[in-house]
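To be precise, the following lines are structure.txt, and they hold compact mmCIF, C-alpha atoms.
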# COMPACT_ATOMS: atom_id res chain seq x y z
CA MET A 1 -1.83 8.80 -4.36
CA ILE A 2 -3.02 5.47 -2.95
CA ALA A 3 -3.15 3.96 -6.44
CA VAL A 4 0.50 4.96 -6.96
CA ALA A 5 1.73 3.94 -3.50
CA CYS A 6 0.15 0.46 -3.28
CA PRO A 7 2.05 -1.22 -6.17
CA ILE A 8 5.33 0.24 -4.86
CA ILE A 9 4.68 -0.99 -1.32
CA THR A 10 3.66 -4.43 -2.61
CA GLN A 11 6.94 -4.77 -4.51
CA LEU A 12 8.99 -3.66 -1.49
CA ILE A 13 7.55 -6.30 0.87
CA PRO A 14 9.83 -9.39 0.91
CA GLY A 15 8.09 -12.40 -0.54
CA LYS A 16 5.14 -10.23 -1.64
CA PRO A 17 2.64 -11.86 0.77
CA MET A 18 0.18 -8.97 0.53
CA PRO A 19 -1.68 -8.47 -2.78
CA GLN A 20 -2.27 -4.94 -4.02
CA THR A 21 -6.03 -5.40 -3.70
CA VAL A 22 -5.80 -5.87 0.06
CA LEU A 23 -3.61 -2.77 0.40
CA LEU A 24 -6.10 -0.68 -1.59
CA LEU A 25 -8.95 -1.80 0.67
CA ALA A 26 -6.86 -1.24 3.81
CA PHE A 27 -5.86 2.29 2.79
CA GLY A 28 -9.48 3.02 1.89
CA ALA A 29 -10.63 1.84 5.32
CA ILE A 30 -7.91 3.83 7.12
CA PHE A 31 -8.54 7.09 5.27
CA GLY A 32 -12.32 6.55 5.10
CA PRO A 33 -14.99 8.19 7.27
CA PHE A 34 -14.88 5.50 9.96
CA ILE A 35 -11.24 6.15 10.97
CA LEU A 36 -9.32 9.21 9.67
CA ASP A 37 -12.26 10.68 7.71
CA LYS A 38 -10.06 11.93 4.85
CA ILE A 39 -11.92 10.29 1.94
CA TRP A 40 -15.47 11.29 1.01
CA VAL A 41 -17.37 9.32 -1.62
CA THR A 42 -19.03 11.87 -3.91
CA LYS A 43 -21.08 11.24 -7.05
CA ALA A 44 -18.00 11.82 -9.20
CA VAL A 45 -15.99 9.29 -7.19
CA GLU A 46 -18.86 6.79 -7.43
CA LEU A 47 -18.81 7.18 -11.22
CA LEU A 48 -15.07 6.49 -11.32
CA SER A 49 -15.61 3.49 -9.05
CA GLU A 50 -18.29 2.08 -11.34
CA LEU A 51 -15.99 2.54 -14.34
CA GLY A 52 -13.32 0.68 -12.39
CA LEU A 53 -15.80 -2.14 -11.78
CA ALA A 54 -16.50 -2.24 -15.51
CA PHE A 55 -12.79 -2.50 -16.31
CA LEU A 56 -12.25 -5.17 -13.64
CA PHE A 57 -14.94 -7.52 -14.96
CA GLN A 58 -14.89 -6.25 -18.55
CA LEU A 59 -18.49 -5.06 -18.30
CA ASP A 60 -20.06 -2.28 -20.36
CA VAL A 61 -22.07 -0.77 -17.51
CA VAL A 62 -22.48 2.53 -19.30
CA LEU A 63 -24.17 2.71 -22.68
CA GLY A 64 -21.69 5.39 -23.73
CA ALA A 65 -18.81 2.97 -23.20
CA PHE A 66 -20.52 0.48 -25.52
CA ALA A 67 -21.07 3.18 -28.14
CA ALA A 68 -17.47 4.38 -27.85
CA GLY A 69 -16.18 0.84 -28.25
CA PHE A 70 -18.39 0.30 -31.29
CA ILE A 71 -17.10 3.50 -32.92
CA LEU A 72 -13.47 2.63 -32.17
CA ARG A 73 -13.92 -0.83 -33.67
CA PHE A 74 -15.49 0.74 -36.77
CA VAL A 75 -12.64 3.24 -37.16
CA THR A 76 -9.91 0.67 -36.43
CA PRO A 77 -11.36 -2.73 -37.45
CA ASN A 78 -8.05 -4.48 -36.89
CA GLY A 79 -7.55 -2.89 -33.50
CA ASN A 80 -4.88 -0.52 -32.27
CA HIS A 81 -2.30 -2.02 -29.92
CA THR A 82 -1.07 1.37 -28.68
CA LEU A 83 -4.60 2.57 -27.93
CA ASN A 84 -5.45 -0.68 -26.13
CA LEU A 85 -2.35 -0.30 -23.96
CA LYS A 86 -3.36 3.25 -23.06
CA LEU A 87 -6.92 2.22 -22.18
CA GLU A 88 -5.65 -0.66 -20.03
CA GLY A 89 -3.22 1.74 -18.35
CA VAL A 90 -6.07 4.06 -17.39
CA GLY A 91 -8.27 1.17 -16.28
CA TYR A 92 -5.77 -0.89 -14.28
CA GLY A 93 -3.62 2.03 -13.15
CA PHE A 94 -6.36 4.40 -11.98
CA LEU A 95 -9.99 3.33 -12.29
CA ILE A 96 -9.68 -0.14 -10.75
CA PRO A 97 -7.65 1.16 -7.77
CA VAL A 98 -10.33 3.82 -7.24
CA PHE A 99 -12.97 1.09 -7.26
CA PHE A 100 -11.19 -0.84 -4.50
CA VAL A 101 -10.44 2.28 -2.43
CA VAL A 102 -14.11 3.33 -2.43
CA PRO A 103 -15.42 0.06 -0.89
CA GLY A 104 -12.46 0.13 1.47
CA ALA A 105 -13.50 3.57 2.65
CA SER A 106 -16.96 2.13 3.37
CA ILE A 107 -15.65 -0.64 5.64
CA ASP A 108 -16.84 -0.12 9.21
CA VAL A 109 -13.85 -1.52 11.10
CA LYS A 110 -15.56 -1.13 14.49
CA ALA A 111 -18.55 -3.16 13.29
CA VAL A 112 -16.25 -5.94 12.07
CA VAL A 113 -14.36 -6.05 15.37
CA ALA A 114 -17.61 -5.95 17.36
CA ASN A 115 -18.91 -9.12 15.70
CA PRO A 116 -16.01 -11.59 15.37
CA ALA A 117 -18.39 -14.58 15.21
CA LEU A 118 -19.85 -13.34 11.93
CA LEU A 119 -16.35 -12.77 10.53
CA ILE A 120 -15.27 -16.32 11.46
CA THR A 121 -18.51 -17.72 9.99
CA PHE A 122 -17.87 -16.02 6.66
CA ILE A 123 -14.27 -17.29 6.59
CA ILE A 124 -15.47 -20.86 7.24
CA MET A 125 -18.07 -20.50 4.49
CA LEU A 126 -15.32 -19.46 2.09
CA LEU A 127 -13.25 -22.46 3.19
CA VAL A 128 -16.19 -24.74 2.36
CA ARG A 129 -15.85 -23.60 -1.27
CA ALA A 130 -12.67 -25.68 -1.46
CA VAL A 131 -14.64 -28.93 -1.09
CA PRO A 132 -16.37 -29.01 -4.52
CA ILE A 133 -13.15 -27.86 -6.18
CA PHE A 134 -11.22 -30.72 -4.56
CA VAL A 135 -13.92 -33.19 -5.60
CA ALA A 136 -13.85 -31.87 -9.18
CA THR A 137 -10.05 -32.26 -9.43
CA THR A 138 -10.34 -35.76 -7.97
CA LEU A 139 -12.95 -36.84 -10.51
CA ASP A 140 -11.02 -35.29 -13.41
CA HIS A 141 -9.04 -38.27 -14.78
CA ARG A 142 -6.29 -37.01 -17.07
CA VAL A 143 -3.02 -38.33 -18.42
CA ASN A 144 -1.03 -36.37 -15.83
CA PRO A 145 -3.26 -36.25 -12.72
CA LEU A 146 -2.43 -34.01 -9.80
CA ASP A 147 -1.06 -35.44 -6.57
CA PRO A 148 -3.44 -35.29 -3.57
CA GLN A 149 -1.42 -32.50 -1.92
CA ASP A 150 -1.44 -30.49 -5.16
CA LYS A 151 -5.22 -30.95 -5.45
CA LEU A 152 -5.68 -29.64 -1.92
CA THR A 153 -3.37 -26.69 -2.58
CA VAL A 154 -5.21 -25.79 -5.80
CA SER A 155 -8.58 -26.06 -4.01
CA LEU A 156 -7.47 -23.70 -1.24
CA TYR A 157 -6.10 -21.15 -3.69
CA CYS A 158 -9.31 -21.25 -5.74
CA THR A 159 -11.40 -20.24 -2.72
CA MET A 160 -10.03 -16.68 -2.85
CA ALA A 161 -12.52 -14.36 -4.55
CA LEU A 162 -11.90 -10.94 -3.00
CA PRO A 163 -12.62 -8.83 -6.13
CA LEU A 164 -15.94 -10.62 -6.67
CA ILE A 165 -16.88 -10.20 -2.98
CA VAL A 166 -16.09 -6.48 -3.11
CA ALA A 167 -18.07 -6.01 -6.31
CA VAL A 168 -21.16 -7.94 -5.17
CA THR A 169 -21.31 -6.34 -1.71
CA SER A 170 -20.86 -2.86 -3.20
CA LEU A 171 -23.76 -3.40 -5.59
CA ALA A 172 -25.89 -4.94 -2.83
CA VAL A 173 -25.33 -1.98 -0.50
CA GLN A 174 -26.11 0.49 -3.30
CA GLY A 175 -29.30 -1.43 -4.09
CA GLY A 176 -30.36 -1.43 -0.43
CA THR A 177 -30.42 -5.23 -0.15
CA MET A 178 -27.46 -5.52 2.25
CA HIS A 179 -26.50 -3.56 5.36
CA GLN A 180 -23.12 -1.84 5.35
CA THR A 181 -21.95 -3.70 8.47
CA THR A 182 -22.60 -7.07 6.80
CA ALA A 183 -20.80 -5.94 3.66
CA SER A 184 -17.85 -4.73 5.76
CA THR A 185 -17.56 -8.12 7.45
CA LEU A 186 -17.79 -10.00 4.15
CA VAL A 187 -15.04 -7.90 2.58
CA ALA A 188 -12.89 -8.30 5.70
CA ALA A 189 -13.38 -12.08 5.54
CA GLY A 190 -12.37 -12.08 1.88
CA ALA A 191 -9.25 -10.08 2.72
CA VAL A 192 -8.35 -12.55 5.49
CA THR A 193 -8.65 -15.49 3.08
CA VAL A 194 -6.13 -13.83 0.76
CA PHE A 195 -3.55 -14.34 3.52
CA LEU A 196 -5.00 -17.52 5.03
CA MET A 197 -5.49 -19.69 1.94
CA PRO A 198 -1.93 -19.46 0.56
CA LEU A 199 -0.62 -20.08 4.10
CA LEU A 200 -2.80 -23.18 4.52
CA GLY A 201 -1.98 -24.35 1.00
CA GLY A 202 1.75 -24.08 1.64
CA LEU A 203 1.53 -25.78 5.04
CA THR A 204 -0.60 -28.69 3.82
CA SER A 205 1.66 -29.20 0.82
CA LYS A 206 4.78 -29.30 3.00
CA LEU A 207 3.17 -31.60 5.57
CA MET A 208 1.83 -34.06 3.02
CA LYS A 209 5.07 -34.15 1.05
CA GLY A 210 6.98 -34.63 4.31
CA GLU A 211 4.76 -37.58 5.22
CA THR A 212 5.31 -39.06 1.74
CA ARG A 213 9.09 -38.93 2.22
CA LEU A 214 8.79 -40.66 5.61
CA ILE A 215 6.59 -43.45 4.25
CA ALA A 216 8.58 -44.10 1.05
CA PRO A 217 11.76 -45.61 2.63
CA THR A 218 9.75 -48.00 4.83
CA ALA A 219 7.80 -49.20 1.82
Any chance you could put this one into structure tokens?
Amino acid sequence: MIAVACPIITQLIPGKPMPQTVLLLAFGAIFGPFILDKIWVTKAVELLSELGLAFLFQLDVVLGAFAAGFILRFVTPNGNHTLNLKLEGVGYGFLIPVFFVVPGASIDVKAVVANPALLITFIIMLLVRAVPIFVATTLDHRVNPLDPQDKLTVSLYCTMALPLIVAVTSLAVQGGTMHQTTASTLVAAGAVTVFLMPLLGGLTSKLMKGETRLIAPTA
């Protein structure tokens, strides 16, 4: 139901400021054991979540998936467009949403709220990722180089990595190398950057272009 509702809600929001991924995590957190306690992560759900992770990053995490793909390629060496569409429909329409809902259900909202300093620290660390990207675009000399404001906007947008954060923290918690409260805060910080980075990118672009218009007539 969440997988069906999230794309519809995303399309209904004017301007579409909220990505579907954030909605999936939010619904998972709301219906998870820490708030409404309506979603329970069983072994079967974990399997679906892992398959969703495999679809998201195009990983063959299960040997059976590799064998099935090998057999399909042998039977249809030139591929089958209809079959590929059906497999992508199952992956992106069901398995990937399940993957995002499961980590969302594991988010301890109270733990995130109780430690705002850690949340802010993670957000700042994600912002720092924009620095090497900006430097790389500055050093990249091409025929049509980007304007400084466009470089800054691109750098801010490239700092968003919510799917990767969700995947890594989920695996770390399962492996026992990360506490659930830390993972919850990291995922929450990633979700905040999905809203924050486009906002900062738009504001900086408008401000810098506005300054350019003011300076141009005087020059």
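Relative to atom CA of Thr193 of chain A, atom CA of Gly89 of chain A is found at 28.0 Å.
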- Atomic separation - atom CA of Lys206 of chain A relative to atom CA of Pro148 of chain A, Å: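 About the pair atom CA of Pro148 of chain A and atom CA of Lys206 of chain A: they are 12.1 Å apart.
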- A:Gly175, A:Pro198, A:Gly93, A:Pro103: which is nearest Cys158 of chain A, counting all atoms listed in the file?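 Answer, going by the shortest atom-to-atom distance: A:Pro198.
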- Message: Given the point (2.4, -11.7, 2.1) in the file's coordinates, find the residues that have an atom at most 10 Å from it, counting only C-alpha atoms, and give them as a list of chain:residue names.
- Response: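 Returned residue set, sorted by chain then number, is A:Thr10, A:Ile13, A:Pro14, A:Gly15, A:Lys16, A:Pro17, A:Met18, A:Pro19, A:Val194, A:Phe195, A:Leu196, A:Pro198, A:Leu199.
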Export of prior selection with C-alpha atoms as a PDB file, in the coordinates of the input:
ATOM      1  CA  THR A  10       3.660  -4.430  -2.610  1.00  0.00           C
ATOM      2  CA  ILE A  13       7.550  -6.300   0.870  1.00  0.00           C
ATOM      3  CA  PRO A  14       9.830  -9.390   0.910  1.00  0.00           C
ATOM      4  CA  GLY A  15       8.090 -12.400  -0.540  1.00  0.00           C
ATOM      5  CA  LYS A  16       5.140 -10.230  -1.640  1.00  0.00           C
ATOM      6  CA  PRO A  17       2.640 -11.860   0.770  1.00  0.00           C
ATOM      7  CA  MET A  18       0.180  -8.970   0.530  1.00  0.00           C
ATOM      8  CA  PRO A  19      -1.680  -8.470  -2.780  1.00  0.00           C
ATOM      9  CA  VAL A 194      -6.130 -13.830   0.760  1.00  0.00           C
ATOM     10  CA  PHE A 195      -3.550 -14.340   3.520  1.00  0.00           C
ATOM     11  CA  LEU A 196      -5.000 -17.520   5.030  1.00  0.00           C
ATOM     12  CA  PRO A 198      -1.930 -19.460   0.560  1.00  0.00           C
ATOM     13  CA  LEU A 199      -0.620 -20.080   4.100  1.00  0.00           C
TER      14      LEU A 199
END
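For the pair atom CA of Phe99 of chain A and atom CA of Val112 of chain A, the interatomic distance is 20.8 Å.
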- Would you kindly return, as a ChimeraX atom specification, each protein, DNA or RNA residue with an atom no farther than 12 Å from any atom of Ser170 of chain A, considering only C-alpha atoms and excluding same-chain residues fewer than 2 positions away? /A:46,49-50,53,99-107,163-168,172-184,186-187
